[in-house]
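Reproduced below: start-v3.txt, with compact mmCIF, C-alpha atoms.
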```txt
# COMPACT_ATOMS: atom_id res chain seq x y z
CA MET A 1 23.87 26.95 9.43
CA ARG A 2 27.54 27.76 8.86
CA ALA A 3 28.55 24.29 10.06
CA LEU A 4 25.92 22.70 7.82
CA ARG A 5 27.11 24.63 4.77
CA SER A 6 30.71 23.72 5.51
CA LEU A 7 29.82 20.03 5.83
CA ALA A 8 27.77 20.12 2.62
CA LYS A 9 30.65 21.72 0.73
CA ARG A 10 33.14 19.10 1.93
CA VAL A 11 30.78 16.20 1.23
CA ALA A 12 30.10 17.57 -2.27
CA SER A 13 33.79 17.18 -3.07
CA SER A 14 33.59 13.41 -2.50
CA LYS A 15 33.04 11.16 -5.50
CA LYS A 16 31.24 8.64 -3.31
CA ALA A 17 28.82 11.30 -2.15
CA LEU A 18 28.17 12.58 -5.67
CA PHE A 19 27.51 9.09 -7.01
CA GLY A 20 25.31 8.12 -4.06
CA ALA A 21 23.36 11.37 -4.21
CA GLY A 22 22.91 11.03 -7.98
CA VAL A 23 21.52 7.50 -7.70
CA PHE A 24 19.18 8.39 -4.84
CA LEU A 25 17.95 11.57 -6.57
CA LEU A 26 17.28 9.51 -9.71
CA LEU A 27 15.10 7.12 -7.69
CA LEU A 28 13.33 10.10 -6.13
CA ALA A 29 12.69 11.58 -9.56
CA ILE A 30 11.23 8.28 -10.75
CA GLY A 31 8.84 8.30 -7.80
CA VAL A 32 7.86 11.95 -8.28
CA PHE A 33 7.21 11.57 -12.00
CA ALA A 34 5.60 8.14 -11.75
CA PRO A 35 2.30 9.37 -13.31
CA LEU A 36 4.25 10.46 -16.40
CA ILE A 37 6.55 7.45 -16.62
CA ALA A 38 3.82 4.84 -16.09
CA PRO A 39 0.41 6.50 -16.50
CA GLY A 40 -2.72 4.73 -15.34
CA ASP A 41 -3.51 2.41 -12.47
CA PRO A 42 -0.39 0.35 -11.59
CA GLN A 43 -2.61 -2.40 -10.13
CA ALA A 44 -4.75 -2.76 -13.25
CA VAL A 45 -4.81 -6.12 -15.02
CA VAL A 46 -3.00 -5.59 -18.32
CA GLY A 47 -2.05 -9.11 -19.39
CA SER A 48 -1.93 -12.77 -18.53
CA PRO A 49 -0.53 -13.69 -15.09
CA ASN A 50 3.19 -14.41 -14.75
CA ALA A 51 3.98 -13.36 -18.32
CA ALA A 52 7.71 -13.14 -18.98
CA PRO A 53 9.34 -9.80 -19.92
CA SER A 54 8.50 -8.71 -23.44
CA ILE A 55 8.40 -5.61 -25.62
CA LYS A 56 4.89 -4.82 -24.36
CA HIS A 57 5.77 -5.42 -20.69
CA ILE A 58 9.50 -4.89 -20.27
CA LEU A 59 9.54 -6.44 -16.79
CA GLY A 60 6.75 -8.93 -17.33
CA THR A 61 3.52 -9.20 -15.35
CA THR A 62 2.66 -10.21 -11.81
CA GLY A 63 0.75 -13.27 -10.69
CA GLN A 64 -2.41 -11.16 -10.93
CA GLY A 65 -1.69 -9.80 -14.40
CA GLY A 66 -0.39 -6.37 -13.39
CA ASP A 67 2.55 -4.67 -15.08
CA VAL A 68 5.69 -5.10 -12.96
CA PHE A 69 7.41 -2.02 -14.40
CA ALA A 70 4.45 0.23 -13.57
CA GLN A 71 4.26 -1.12 -10.02
CA LEU A 72 8.01 -0.69 -9.60
CA VAL A 73 7.84 2.96 -10.67
CA TRP A 74 4.83 3.75 -8.49
CA GLY A 75 6.32 1.73 -5.65
CA ALA A 76 9.32 4.08 -5.59
CA ARG A 77 6.99 6.91 -4.55
CA ASP A 78 5.57 5.11 -1.52
CA SER A 79 8.77 3.38 -0.38
CA LEU A 80 10.96 6.49 -0.62
CA THR A 81 8.31 8.65 1.04
CA VAL A 82 8.12 6.26 3.98
CA GLY A 83 11.93 6.08 4.11
CA LEU A 84 12.37 9.86 4.12
CA LEU A 85 9.66 10.54 6.69
CA THR A 86 10.89 7.71 8.90
CA GLY A 87 14.46 8.99 8.64
CA VAL A 88 13.43 12.50 9.65
CA ALA A 89 11.26 11.24 12.53
CA VAL A 90 13.95 8.87 13.85
CA THR A 91 16.61 11.58 13.63
CA VAL A 92 14.51 14.28 15.30
CA ILE A 93 13.46 12.01 18.19
CA GLY A 94 16.97 10.63 18.66
CA VAL A 95 18.65 14.05 18.52
CA CYS A 96 16.17 15.64 20.95
CA ILE A 97 16.45 12.84 23.50
CA GLY A 98 20.23 12.55 23.17
CA LEU A 99 20.80 16.31 23.47
CA PHE A 100 18.45 16.70 26.44
CA ALA A 101 20.00 13.76 28.27
CA ALA A 102 23.55 15.08 27.77
CA TYR A 103 22.77 18.68 28.67
CA ALA A 104 20.43 18.03 31.60
CA GLY A 105 22.53 15.32 33.24
CA GLY A 106 21.65 13.88 36.62
CA ILE A 107 18.41 11.96 37.04
CA ALA A 108 17.07 12.99 33.62
CA ASP A 109 20.18 11.61 31.92
CA ASN A 110 19.98 8.36 33.89
CA LEU A 111 16.29 7.82 33.09
CA LEU A 112 16.65 8.62 29.40
CA THR A 113 19.76 6.46 29.13
CA LEU A 114 17.87 3.59 30.77
CA LEU A 115 14.98 4.05 28.33
CA THR A 116 17.41 4.14 25.39
CA ASN A 117 19.14 0.97 26.55
CA ILE A 118 15.80 -0.81 26.92
CA PHE A 119 14.89 -0.04 23.30
CA LEU A 120 18.35 -1.10 22.18
CA VAL A 121 18.12 -4.43 24.00
CA ILE A 122 14.68 -5.32 22.65
CA PRO A 123 15.05 -7.22 19.32
CA GLY A 124 14.10 -4.84 16.54
CA LEU A 125 12.14 -7.03 14.15
CA PRO A 126 9.91 -8.71 16.77
CA LEU A 127 9.13 -5.28 18.22
CA LEU A 128 8.19 -3.98 14.77
CA VAL A 129 6.02 -7.02 14.07
CA VAL A 130 4.16 -6.79 17.39
CA MET A 131 3.52 -3.05 17.09
CA ALA A 132 2.48 -3.24 13.44
CA ALA A 133 0.11 -6.14 14.14
CA PHE A 134 -1.92 -4.12 16.66
CA LEU A 135 -2.10 -0.86 14.71
CA PRO A 136 -4.18 -0.05 11.61
CA HIS A 137 -2.43 -1.11 8.43
CA SER A 138 -1.64 2.26 6.89
CA THR A 139 1.37 4.26 5.78
CA LEU A 140 1.20 6.56 8.82
CA SER A 141 1.10 3.55 11.14
CA ILE A 142 4.20 2.11 9.47
CA ILE A 143 6.07 5.41 9.89
CA PHE A 144 4.99 5.64 13.54
CA VAL A 145 6.09 2.07 14.27
CA LEU A 146 9.45 2.49 12.55
CA ALA A 147 10.13 5.79 14.32
CA ILE A 148 9.32 4.39 17.77
CA ALA A 149 11.43 1.29 17.20
CA GLY A 150 14.41 3.01 15.58
CA TRP A 151 15.25 6.20 17.52
CA ALA A 152 17.40 4.62 20.26
CA GLY A 153 20.57 4.12 18.24
CA THR A 154 20.63 7.76 17.13
CA ALA A 155 19.93 8.99 20.67
CA ARG A 156 22.81 6.96 22.10
CA VAL A 157 25.33 8.25 19.55
CA ILE A 158 24.20 11.88 19.91
CA ARG A 159 24.27 11.71 23.72
CA SER A 160 27.78 10.24 23.71
CA GLN A 161 29.17 13.03 21.52
CA ALA A 162 27.12 15.78 23.17
CA LEU A 163 28.54 14.85 26.59
CA SER A 164 32.01 15.84 25.40
CA VAL A 165 30.73 19.05 23.79
CA VAL A 166 28.83 20.35 26.83
CA LYS A 167 32.04 20.13 28.89
CA ARG A 168 33.98 22.50 26.64
CA ASP A 169 35.01 25.96 27.73
CA TYR A 170 32.78 27.95 25.39
CA VAL A 171 29.69 26.12 26.66
CA ALA A 172 30.71 26.84 30.26
CA ALA A 173 31.30 30.48 29.34
CA ALA A 174 27.83 30.70 27.78
CA LYS A 175 26.32 29.37 31.00
CA VAL A 176 28.30 31.86 33.12
CA ILE A 177 27.12 34.90 31.15
CA GLY A 178 23.53 33.75 31.56
CA GLU A 179 22.65 32.46 28.09
CA ARG A 180 19.37 30.54 27.91
CA SER A 181 19.58 26.76 27.78
CA ALA A 182 17.80 26.64 24.42
CA HIS A 183 20.37 29.03 22.93
CA ILE A 184 23.28 27.01 24.32
CA VAL A 185 21.88 23.72 23.02
CA PHE A 186 20.95 24.92 19.53
CA ALA A 187 23.69 27.53 18.96
CA GLU A 188 26.68 26.05 20.79
CA VAL A 189 26.18 22.28 21.06
CA LEU A 190 24.05 21.28 18.05
CA PRO A 191 26.35 22.75 15.32
CA ASN A 192 29.18 20.51 16.56
CA LEU A 193 27.03 17.43 15.96
CA THR A 194 26.13 18.22 12.34
CA SER A 195 28.17 15.41 10.82
CA LEU A 196 26.76 12.82 13.23
CA ILE A 197 23.21 14.00 12.57
CA ALA A 198 23.71 13.85 8.78
CA SER A 199 25.24 10.39 9.00
CA GLY A 200 22.42 9.20 11.24
CA LEU A 201 19.81 10.65 8.89
CA PHE A 202 21.12 8.72 5.89
CA GLY A 203 21.23 5.52 7.92
CA ALA A 204 17.70 6.11 9.25
CA ILE A 205 16.32 6.61 5.72
CA ALA A 206 17.85 3.32 4.61
CA TYR A 207 16.42 1.68 7.74
CA GLY A 208 12.96 3.04 6.91
CA ILE A 209 13.03 1.71 3.35
CA ALA A 210 14.25 -1.76 4.32
CA ALA A 211 12.07 -2.11 7.42
CA GLN A 212 8.92 -1.08 5.58
CA ALA A 213 9.65 -3.68 2.91
CA ALA A 214 10.17 -6.32 5.61
CA LEU A 215 6.88 -5.52 7.34
CA GLU A 216 4.93 -5.44 4.11
CA PHE A 217 6.53 -8.66 2.97
CA LEU A 218 5.09 -10.20 6.14
CA GLY A 219 1.66 -8.77 5.27
CA LEU A 220 1.67 -6.15 8.04
CA GLY A 221 1.51 -3.08 5.82
CA ASP A 222 -1.20 -1.49 3.72
CA LEU A 223 -1.53 -4.06 0.94
CA ASN A 224 -3.88 -1.78 -1.02
CA THR A 225 -0.97 0.53 -1.85
CA VAL A 226 1.86 -0.16 -4.28
CA SER A 227 5.36 -0.17 -2.81
CA TRP A 228 8.48 -2.27 -3.21
CA GLY A 229 7.44 -4.20 -0.11
CA THR A 230 3.96 -5.04 -1.37
CA ILE A 231 5.46 -6.16 -4.69
CA LEU A 232 7.55 -8.68 -2.76
CA TYR A 233 4.52 -9.73 -0.71
CA TRP A 234 2.36 -10.48 -3.74
CA ALA A 235 5.28 -12.21 -5.49
CA SER A 236 5.58 -14.53 -2.49
CA ASN A 237 1.81 -14.91 -2.14
CA ASN A 238 1.50 -15.88 -5.81
CA ALA A 239 4.42 -18.34 -5.56
CA GLY A 240 6.50 -16.36 -8.06
CA LEU A 241 9.73 -17.92 -6.84
CA LEU A 242 8.39 -21.47 -7.12
CA GLN A 243 7.17 -20.78 -10.67
CA GLY A 244 10.50 -19.28 -11.71
CA ALA A 245 8.98 -15.83 -12.27
CA TRP A 246 12.11 -13.96 -11.19
CA TRP A 247 10.81 -10.69 -12.65
CA GLU A 248 8.20 -10.50 -9.88
CA PHE A 249 10.69 -10.11 -7.03
CA VAL A 250 14.19 -9.40 -8.38
CA PRO A 251 13.52 -5.82 -9.62
CA ALA A 252 11.90 -4.74 -6.34
CA GLY A 253 14.69 -6.30 -4.30
CA ALA A 254 17.27 -4.65 -6.54
CA CYS A 255 15.63 -1.23 -6.05
CA ILE A 256 15.75 -1.62 -2.27
CA ALA A 257 19.41 -2.67 -2.48
CA VAL A 258 20.33 0.22 -4.81
CA ALA A 259 18.59 2.82 -2.63
CA SER A 260 20.27 1.45 0.50
CA GLY A 261 23.64 1.34 -1.26
CA ALA A 262 23.31 4.97 -2.39
CA LEU A 263 22.53 6.07 1.16
CA ALA A 264 25.45 4.00 2.45
CA LEU A 265 27.80 5.83 0.06
CA LEU A 266 26.53 9.17 1.40
CA ASN A 267 27.07 7.90 4.92
CA PHE A 268 30.63 6.79 4.14
CA ALA A 269 31.35 10.15 2.49
CA VAL A 270 30.27 12.04 5.62
CA ASP A 271 32.50 9.78 7.73
CA GLU A 272 35.48 10.36 5.44
CA VAL A 273 35.28 14.16 5.44
CA THR A 274 34.81 14.33 9.21
CA ASN A 275 37.26 11.61 10.28
CA PRO A 276 40.88 12.38 9.28
CA ARG A 277 41.88 8.73 9.79
CA LEU A 278 39.61 7.69 6.91
CA ARG A 279 40.99 10.21 4.44
CA ARG A 280 43.48 8.95 1.90
CA LEU A 281 46.65 10.97 1.52
CA ARG A 282 46.62 12.46 -1.96
CA MET A 283 49.81 13.69 -3.62
CA PRO A 284 50.11 15.48 -6.96
CA ARG A 285 50.85 13.21 -9.89
CA VAL A 286 54.16 14.96 -10.55
CA ARG A 287 55.27 14.28 -6.98
CA VAL A 288 54.30 10.61 -7.33
CA ARG A 289 56.30 10.29 -10.55
CA VAL A 290 59.37 11.88 -8.92
CA LEU A 291 59.18 9.48 -5.99
CA ARG A 292 58.82 6.50 -8.30
CA ALA A 293 61.80 7.63 -10.40
CA ARG A 294 63.94 8.02 -7.27
CA ALA A 295 62.96 4.57 -6.06
CA VAL A 296 63.88 3.00 -9.40
CA SER A 297 67.19 4.89 -9.43
CA ASP A 298 68.04 3.75 -5.90
CA MET A 299 67.26 0.14 -6.78
CA THR A 300 69.47 0.36 -9.89
CA GLU A 301 72.39 1.78 -7.93
CA GLU A 302 72.07 -0.93 -5.28
CA SER A 303 72.14 -3.63 -7.98
CA HIS A 304 75.31 -2.14 -9.52
CA VAL A 305 77.03 -1.98 -6.14
CA ALA A 306 76.13 -5.59 -5.44
```

For this file, write the structure as structure tokens.
Amino acid sequence: MRALRSLAKRVASSKKALFGAGVFLLLLAIGVFAPLIAPGDPQAVVGSPNAAPSIKHILGTTGQGGDVFAQLVWGARDSLTVGLLTGVAVTVIGVCIGLFAAYAGGIADNLLTLLTNIFLVIPGLPLLVVMAAFLPHSTLSIIFVLAIAGWAGTARVIRSQALSVVKRDYVAAAKVIGERSAHIVFAEVLPNLTSLIASGLFGAIAYGIAAQAALEFLGLGDLNTVSWGTILYWASNNAGLLQGAWWEFVPAGACIAVASGALALLNFAVDEVTNPRLRRLRMPRVRVRVLRARAVSDMTEESHVA
């Protein structure tokens, strides 16, 4: 917990992290308060199909006459829920497998590494499509499919870093004095991987949001729910692009891009505070002015000498 608090404090000092967190929390708040922002059934027919944005419908209507703004607001709830749950599932599976492989070593490490490499080699999107096609079209199925297809990258990174940690002296000392394996893994090894786990979590959430939208765009999700992916599916199904109804697909695509961008900023912020090579050297403004004045003075003197 001490390592987590220290990381959170350092990340909170980053402008990138604050901006990314603010944007993502705003999207979360929109999803949570969707019943207050856009009350009623978001799939209800409220106007003529493909109506352009107006005062009554600020983002126009869909090809079925639904309000695009209402569906966008309600879609934030489903898409972000799937993204968060997928991110947690992917991170937990990847961390557990990576830690166990690194700590156990031997045959267990070889088998788990082989399994990880197999999942990394298999093309991601075809695997998602095949798995989603044979499972019931529901939100839980989508989360299950995304978690199974996405854990390998996290496991590989965690195993690689954990291998260096388990070889350190304090881990060897804990083994010599007879500490239990669970205590060594969770008290000695895991805290040193906090930054990697946080970075992987943000990336996994973004993966969950984008992958769900991709599957639902292909018609492999639960089309009875409202999410950013189903908005894109119905926009394509109703030929919104061919009819020039940009309001049917641009807002949903922009929301996915904004959410992914906010998570990317959080990811970059974690990398910056944990990797000294990515930190910019900051000097006080007074020091910068003094250096500039000296440089100008030196240039002036050289010109006079010449």

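Using all atoms listed in the file for every distance, the candidate list A:Ala198, A:Tyr207, A:Gly153, A:Leu232 yields A:Leu232 as the residue closest to Trp247 of chain A.
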
Nearest-residue call for Glu272 of chain A, choices A:Arg10, A:Leu85, A:Arg5, A:Ser181, using all atoms listed in the file = A:Arg10

For the atom pair atom CA of Ala252 of chain A and atom CA of Phe69 of chain A, what is the interatomic distance in Å to one decimal place?
-> 9.6 Å

Separation of atom CA of Asn267 of chain A and atom CA of Val73 of chain A, in Å?
->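 These two atoms are separated by 25.2 Å.
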
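Rounded to one decimal, atom CA of Cys255 of chain A and atom CA of Leu25 of chain A lie 13.0 Å from each other.
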
As a PDB file, keeping the file's coordinate frame, could you write out segment 125-141 of chain A once it has been completed with N, CA and C atoms?
```pdb
ATOM      1  N   LEU A 125      13.185  -6.494  15.023  1.00  0.00           N
ATOM      2  CA  LEU A 125      12.140  -7.030  14.150  1.00  0.00           C
ATOM      3  C   LEU A 125      10.931  -7.538  14.921  1.00  0.00           C
ATOM      4  N   PRO A 126      11.100  -8.312  16.007  1.00  0.00           N
ATOM      5  CA  PRO A 126       9.910  -8.710  16.770  1.00  0.00           C
ATOM      6  C   PRO A 126       9.117  -7.520  17.309  1.00  0.00           C
ATOM      7  N   LEU A 127       9.819  -6.468  17.738  1.00  0.00           N
ATOM      8  CA  LEU A 127       9.130  -5.280  18.220  1.00  0.00           C
ATOM      9  C   LEU A 127       8.317  -4.636  17.099  1.00  0.00           C
ATOM     10  N   LEU A 128       8.906  -4.550  15.909  1.00  0.00           N
ATOM     11  CA  LEU A 128       8.190  -3.980  14.770  1.00  0.00           C
ATOM     12  C   LEU A 128       6.956  -4.815  14.425  1.00  0.00           C
ATOM     13  N   VAL A 129       7.124  -6.135  14.426  1.00  0.00           N
ATOM     14  CA  VAL A 129       6.020  -7.020  14.070  1.00  0.00           C
ATOM     15  C   VAL A 129       4.876  -6.893  15.067  1.00  0.00           C
ATOM     16  N   VAL A 130       5.200  -6.873  16.356  1.00  0.00           N
ATOM     17  CA  VAL A 130       4.160  -6.790  17.390  1.00  0.00           C
ATOM     18  C   VAL A 130       3.419  -5.455  17.298  1.00  0.00           C
ATOM     19  N   MET A 131       4.161  -4.364  17.154  1.00  0.00           N
ATOM     20  CA  MET A 131       3.520  -3.050  17.090  1.00  0.00           C
ATOM     21  C   MET A 131       2.675  -2.911  15.828  1.00  0.00           C
ATOM     22  N   ALA A 132       3.205  -3.369  14.699  1.00  0.00           N
ATOM     23  CA  ALA A 132       2.480  -3.240  13.440  1.00  0.00           C
ATOM     24  C   ALA A 132       1.224  -4.108  13.422  1.00  0.00           C
ATOM     25  N   ALA A 133       1.255  -5.240  14.133  1.00  0.00           N
ATOM     26  CA  ALA A 133       0.110  -6.140  14.140  1.00  0.00           C
ATOM     27  C   ALA A 133      -1.090  -5.541  14.877  1.00  0.00           C
ATOM     28  N   PHE A 134      -0.843  -4.662  15.851  1.00  0.00           N
ATOM     29  CA  PHE A 134      -1.920  -4.120  16.660  1.00  0.00           C
ATOM     30  C   PHE A 134      -2.380  -2.731  16.211  1.00  0.00           C
ATOM     31  N   LEU A 135      -1.720  -2.172  15.213  1.00  0.00           N
ATOM     32  CA  LEU A 135      -2.100  -0.860  14.710  1.00  0.00           C
ATOM     33  C   LEU A 135      -2.765  -0.988  13.347  1.00  0.00           C
ATOM     34  N   PRO A 136      -3.564   0.005  12.942  1.00  0.00           N
ATOM     35  CA  PRO A 136      -4.180  -0.050  11.610  1.00  0.00           C
ATOM     36  C   PRO A 136      -3.119  -0.144  10.520  1.00  0.00           C
ATOM     37  N   HIS A 137      -3.396  -0.924   9.513  1.00  0.00           N
ATOM     38  CA  HIS A 137      -2.430  -1.110   8.430  1.00  0.00           C
ATOM     39  C   HIS A 137      -2.511   0.076   7.476  1.00  0.00           C
ATOM     40  N   SER A 138      -1.681   1.058   7.729  1.00  0.00           N
ATOM     41  CA  SER A 138      -1.640   2.260   6.890  1.00  0.00           C
ATOM     42  C   SER A 138      -0.212   2.773   6.838  1.00  0.00           C
ATOM     43  N   THR A 139       0.036   3.703   5.930  1.00  0.00           N
ATOM     44  CA  THR A 139       1.370   4.260   5.780  1.00  0.00           C
ATOM     45  C   THR A 139       1.797   5.029   7.028  1.00  0.00           C
ATOM     46  N   LEU A 140       0.886   5.802   7.611  1.00  0.00           N
ATOM     47  CA  LEU A 140       1.200   6.560   8.820  1.00  0.00           C
ATOM     48  C   LEU A 140       1.532   5.626   9.981  1.00  0.00           C
ATOM     49  N   SER A 141       0.819   4.518  10.079  1.00  0.00           N
ATOM     50  CA  SER A 141       1.100   3.550  11.140  1.00  0.00           C
ATOM     51  C   SER A 141       2.497   2.961  10.979  1.00  0.00           C
TER      52      SER A 141
END
```
